[in-house]
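First comes the structure, then the notes that go with it.
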Amino acid sequence: MKTLNSKLPFYVLMAALMGASAQPVIAQSDADLYGDDVVTAGAVDDPLESINRVTFSVNDFIYLNVFEPVADAYTFITPDPVEEGATNFFRNLKYPVRLAANLLQGRFDGAWVETGRFAINTTFGVAGVFTPADSVDGFEPIPAEDIGQVLGAWGVSDGPYLVLPLLGPSNLRDLGGLVGDRAVDPLSQPFAVNESWNWEWRLALSATDVITSSPTIIERYKQLKGGSIDPYSSMKNGYTQFRNAAIKE
Amino acid sequence: MKKIFSVFLCVVLGFSSVLAAATKPADKLMQTVRGALDLVYGDCCVESTIEHKQAKVRELIESNYDMTILIRRAIGRNWNKMSADEQAQVLELVKQLVVKAYFKGLEGKSRPEVTFDTTLQVSSKRIEIPSTVVLDGEPIRVLYRMGLMGADWQLFDIVAEHVSVVSNYRQQFDDHFRKENGAALITKLEELLKKDKLDENIEF
C-alpha cells in the first residue's frame, strides 16, 4: 500500500498523459477545423446569382415595407387565439397537398396521420379552427410534406437556385413542386373548390391566407437576416439545407 | 506482478479520464446555455446596461468554449486570404456580431425553455447534444456538435432546425471572398455592428 501511495502521483500523471494521448493534439489544425462534414463551398448551384440578387432586393423591400406592416397590424388587431385559429384553418384546408405528397412518397403512415388529423380537426375542431387531434394518440402533428419533397425523394436534384418574386427562395425542383402543390390545393386552380365563387371572395380568401401566415414568415425571415454578413447567401444556404433535410427526414 | 498491476492501473485511470471527459460536455453546455439566459433574463442583471450584459454573456461563453474554433470553421480556407492583422480583426468583429445576434434573437421575447436530450456519441472524438428551445411557444430543435480537441470538448457547430450555422456562414464567407477581400469584410462587419443597434431600453 505504501508503494502504491508513493507512486500515486506517477499514476495520476500517467493517467493524465494517457488521457491526453488518447485525444488529438489541440484544435485548429486544418483537419480539426475543416476536416469533416461542413457543406462545402459553392455547394448551392447558383448560375442566376445576379438576377436572383435583384429579385432578393425587391422582395426584401416588399417584405419589410408591405408585408411587415400588414403582419404587425394583423398581430396587433387580432387576439392570439383568433390568429392561431386562422392559421389552423388554412393549414387544415391544405390537407390534400400533404396527403398527395405522403402517398407519392409511399409514406402510408404519414397519409393515415394526415387523414385522421383532417377528419378530427374538421369535425370536432370546427372546420379546422381548433386542433383537437393534437391530443389524440397517434395523430399528433407531423412535419408537412409537399410535392417538392416528393420530387426530391424520387431523386430529382435541386437544379439551379432561384429567388421567386414575392415567394422568395426556391430552386428548379421546388418550383416544379409548387406547380404540383397548386394542382392539388383546393384553393387554387385547376381543381379549386371555390371556382364557382366570385373573384372578390377568392381574392379575399387568398389574401387572408397570406396575411395569417405572414407574421411567422416575416419573423423567421428577419431572424435569419439579422445576424447575416450577406443575407442573400445566408438565405440561399439556409433554404437549401432546410429543404435537403426535409427530403431526407 | 507489481508491473502488471501498475500498467493495469494506468490503463484504468487513463480510460476513466477519457470517460469523465465524455460525461462532462452536456453538463457544461447546459450550464453555459442556462447561465447566458440568466444573464439576459435573471434578476442579477436587471440594472445592467445592454453592453454590460453582452460583455458578461461573451465572457461566460469564452470561459467555456473557444469561439475561435466555430468562427475559423465558418471562414474555412478563406482564412489564409487575410493578413494576420485582418484575421485578428475579423475574429473580434464576428464574436461581437454573434453576441449581438443572440440578444437580437431574444429581443421582446420571454425567457425560452431549454431542454437537453441524451448525448449521442458519433465517434470517439465527436458527440452531438440535441436540445429543444421553446421560444414564444414555438419549439425549435437545436443540435450542438462537439469535438474532442486536446483535453476539452469544444463546440464546433450548432444546427438549428437542420440549418448548420457553420455551413451557413461558410457560404457567406465563400461568396464574399469570391469577389472581395479581407479589408472589405472588415468594413462590412463594422457596418453591420453599427447598423440596427440594440436598444438600451430593450425588454426581454
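Going by the C-alpha cells order, chains are called A, B, ..., each with residues numbered from 1, while ligands are numbered from 1 in the order shown.
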Inset, instruction - Would you list the contacts of Asp38 (chain B) as an NGL selection string, taking every protein, DNA or RNA residue within 9 Å and counting only C-alpha atoms, but skipping same-chain residues closer than 6 positions in sequence? - result: :B and (44-45 or 111)
Inset, instruction - Give the strand (DSSP E) residues of chain B, as DSSP finds them on the backbone, and put them as a ChimeraX atom specification. - result: /B:113-116,120-123,126-135,138-149,152-160,163-164
Inset, instruction - Taking the DSSP assignment computed from this structure's backbone, write out as a ChimeraX atom specification all residues of region 37-242 of chain A that belong to alpha helix (DSSP H). - result: /A:49-62,68-77,80-93,95-104,108-123,147-153,172-184,199-226,231-242
Inset, instruction - Extract, using only C-alpha atoms, all DNA, RNA and protein residues at most 10 Å from Glu140 (chain A), discarding same-chain residues fewer than 3 positions from it, and format them as a count of residues only. - result: 11
Inset, instruction - Do a neighbour search on Gly177 (chain A) at 8 Å with only C-alpha atoms, toss out local chain neighbours closer than 3 positions, and write the hits as a list in words. - result: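 The residues that qualify are Asp146, Ile147, Gly148, Gln149, Val150, Leu151, Arg173, Asp174, Gly180 and Asp181 of chain A.
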Selected residues, all heavy atoms, written as a PDB file, in the first residue's frame, please.
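Generated output (again-v6.pdb):
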```
ATOM      1  N   ASP A 146     -44.640  18.188 -49.029  1.00  0.00           N
ATOM      2  CA  ASP A 146     -45.143  18.848 -50.232  1.00  0.00           C
ATOM      3  C   ASP A 146     -44.570  18.162 -51.466  1.00  0.00           C
ATOM      4  O   ASP A 146     -43.736  17.258 -51.354  1.00  0.00           O
ATOM      5  CB  ASP A 146     -44.825  20.355 -50.203  1.00  0.00           C
ATOM      6  CG  ASP A 146     -43.335  20.620 -50.081  1.00  0.00           C
ATOM      7  OD1 ASP A 146     -42.577  20.032 -50.865  1.00  0.00           O
ATOM      8  OD2 ASP A 146     -42.925  21.415 -49.205  1.00  0.00           O
ATOM      9  N   ILE A 147     -45.017  18.617 -52.631  1.00  0.00           N
ATOM     10  CA  ILE A 147     -44.631  17.909 -53.869  1.00  0.00           C
ATOM     11  C   ILE A 147     -43.145  18.115 -54.185  1.00  0.00           C
ATOM     12  O   ILE A 147     -42.513  17.238 -54.777  1.00  0.00           O
ATOM     13  CB  ILE A 147     -45.530  18.362 -55.057  1.00  0.00           C
ATOM     14  CG1 ILE A 147     -47.023  18.219 -54.697  1.00  0.00           C
ATOM     15  CG2 ILE A 147     -45.209  17.573 -56.330  1.00  0.00           C
ATOM     16  CD1 ILE A 147     -47.510  16.810 -54.410  1.00  0.00           C
ATOM     17  N   GLY A 148     -42.583  19.235 -53.782  1.00  0.00           N
ATOM     18  CA  GLY A 148     -41.143  19.438 -53.966  1.00  0.00           C
ATOM     19  C   GLY A 148     -40.352  18.353 -53.249  1.00  0.00           C
ATOM     20  O   GLY A 148     -39.361  17.824 -53.775  1.00  0.00           O
ATOM     21  N   GLN A 149     -40.814  17.995 -52.047  1.00  0.00           N
ATOM     22  CA  GLN A 149     -40.150  16.926 -51.293  1.00  0.00           C
ATOM     23  C   GLN A 149     -40.320  15.584 -52.006  1.00  0.00           C
ATOM     24  O   GLN A 149     -39.422  14.750 -51.978  1.00  0.00           O
ATOM     25  CB  GLN A 149     -40.739  16.842 -49.875  1.00  0.00           C
ATOM     26  CG  GLN A 149     -40.200  17.921 -48.966  1.00  0.00           C
ATOM     27  CD  GLN A 149     -40.998  18.024 -47.690  1.00  0.00           C
ATOM     28  OE1 GLN A 149     -41.804  18.930 -47.541  1.00  0.00           O
ATOM     29  NE2 GLN A 149     -40.812  17.116 -46.766  1.00  0.00           N
ATOM     30  N   VAL A 150     -41.497  15.403 -52.617  1.00  0.00           N
ATOM     31  CA  VAL A 150     -41.730  14.158 -53.377  1.00  0.00           C
ATOM     32  C   VAL A 150     -40.690  14.039 -54.486  1.00  0.00           C
ATOM     33  O   VAL A 150     -40.038  13.004 -54.643  1.00  0.00           O
ATOM     34  CB  VAL A 150     -43.160  14.152 -53.997  1.00  0.00           C
ATOM     35  CG1 VAL A 150     -43.340  12.955 -54.921  1.00  0.00           C
ATOM     36  CG2 VAL A 150     -44.214  14.161 -52.905  1.00  0.00           C
ATOM     37  N   LEU A 151     -40.522  15.134 -55.233  1.00  0.00           N
ATOM     38  CA  LEU A 151     -39.560  15.110 -56.347  1.00  0.00           C
ATOM     39  C   LEU A 151     -38.151  14.824 -55.825  1.00  0.00           C
ATOM     40  O   LEU A 151     -37.400  14.055 -56.426  1.00  0.00           O
ATOM     41  CB  LEU A 151     -39.600  16.437 -57.111  1.00  0.00           C
ATOM     42  CG  LEU A 151     -40.933  16.776 -57.804  1.00  0.00           C
ATOM     43  CD1 LEU A 151     -40.893  18.175 -58.398  1.00  0.00           C
ATOM     44  CD2 LEU A 151     -41.262  15.750 -58.885  1.00  0.00           C
ATOM     45  N   ARG A 173     -36.320  22.390 -58.892  1.00  0.00           N
ATOM     46  CA  ARG A 173     -37.134  21.247 -58.449  1.00  0.00           C
ATOM     47  C   ARG A 173     -38.337  21.716 -57.623  1.00  0.00           C
ATOM     48  O   ARG A 173     -39.466  21.281 -57.845  1.00  0.00           O
ATOM     49  CB  ARG A 173     -36.274  20.301 -57.604  1.00  0.00           C
ATOM     50  CG  ARG A 173     -37.039  19.082 -57.096  1.00  0.00           C
ATOM     51  CD  ARG A 173     -36.366  18.441 -55.910  1.00  0.00           C
ATOM     52  NE  ARG A 173     -36.254  19.388 -54.812  1.00  0.00           N
ATOM     53  CZ  ARG A 173     -35.199  19.479 -54.006  1.00  0.00           C
ATOM     54  NH1 ARG A 173     -34.172  18.684 -54.165  1.00  0.00           N
ATOM     55  NH2 ARG A 173     -35.171  20.371 -53.028  1.00  0.00           N
ATOM     56  N   ASP A 174     -38.090  22.628 -56.701  1.00  0.00           N
ATOM     57  CA  ASP A 174     -39.179  23.083 -55.833  1.00  0.00           C
ATOM     58  C   ASP A 174     -40.173  23.959 -56.574  1.00  0.00           C
ATOM     59  O   ASP A 174     -41.355  24.029 -56.190  1.00  0.00           O
ATOM     60  CB  ASP A 174     -38.612  23.818 -54.608  1.00  0.00           C
ATOM     61  CG  ASP A 174     -37.935  22.857 -53.651  1.00  0.00           C
ATOM     62  OD1 ASP A 174     -38.143  21.636 -53.797  1.00  0.00           O
ATOM     63  OD2 ASP A 174     -37.189  23.307 -52.755  1.00  0.00           O
ATOM     64  N   GLY A 180     -47.094  21.520 -58.697  1.00  0.00           N
ATOM     65  CA  GLY A 180     -47.807  20.326 -58.230  1.00  0.00           C
ATOM     66  C   GLY A 180     -48.671  20.634 -57.014  1.00  0.00           C
ATOM     67  O   GLY A 180     -49.824  20.195 -56.928  1.00  0.00           O
ATOM     68  N   ASP A 181     -48.121  21.410 -56.080  1.00  0.00           N
ATOM     69  CA  ASP A 181     -48.891  21.785 -54.875  1.00  0.00           C
ATOM     70  C   ASP A 181     -50.182  22.503 -55.270  1.00  0.00           C
ATOM     71  O   ASP A 181     -51.245  22.243 -54.718  1.00  0.00           O
ATOM     72  CB  ASP A 181     -48.077  22.745 -53.984  1.00  0.00           C
ATOM     73  CG  ASP A 181     -46.976  22.026 -53.235  1.00  0.00           C
ATOM     74  OD1 ASP A 181     -46.982  20.781 -53.211  1.00  0.00           O
ATOM     75  OD2 ASP A 181     -46.095  22.717 -52.689  1.00  0.00           O
TER      76      ASP A 181
END
```
Inset, instruction - Please identify all polymer residues within 12 Å of Leu155 (chain B), counting only C-alpha atoms, omitting same-chain residues fewer than 6 positions from it, and present them as a PyMOL selection string. - result: (chain A and resi 27+32-33) or (chain B and resi 25-26+28-29+32+61-62+64-71+73+125-129+143-149+165-166)
Inset, instruction - Identify which of the residues B:Thr119, B:Ser48, B:Ser63, B:Ser83 lies closest to Gln31 (chain B), counting only C-alpha atoms when measuring atom-to-atom distances. - result: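 Between B:Thr119, B:Ser48, B:Ser63, B:Ser83, the residue approaching Gln31 (chain B) most closely is B:Ser63.
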Inset, instruction - To one decimal in Å, tell me the separation between CA of Ser233 (chain A) and CA of Lys104 (chain B). - result: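 Separating CA of Ser233 (chain A) from CA of Lys104 (chain B) is a distance of 20.0 Å.
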Inset, instruction - Could you please determine the separation between CA of Gln87 (chain B) and CA of Leu189 (chain B) in Å, to one decimal place? - result: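 If I compute the distance from CA of Gln87 (chain B) to CA of Leu189 (chain B), I get 12.6 Å.
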Inset, instruction - Identify which of the residues A:Val179, A:Ala43, A:Ala127, A:Ala100 lies closest to chain B, counting only C-alpha atoms when measuring atom-to-atom distances. - result: A:Ala43
Inset, instruction - Tell me which protein, DNA and RNA residues are within 9 Å of Phe56 (chain A), counting only C-alpha atoms, leaving out same-chain ones fewer than 6 positions away, and put them as a list in words. - result: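 Those residues are Val163, Leu164, Pro165, Leu166, Gly168, Pro169 and Tyr232 of chain A.
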Inset, instruction - Could you check how far CA of Ala101 (chain B) sits from CA of Ile186 (chain B), in Å to one decimal? - result: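 Pair CA of Ala101 (chain B) / CA of Ile186 (chain B) returns 17.2 Å.
The shortest atom-to-atom distance to chain B, with only C-alpha atoms taken into account, belongs to A:Glu84 out of A:Glu84, A:Leu162, A:Thr208, A:Pro79.
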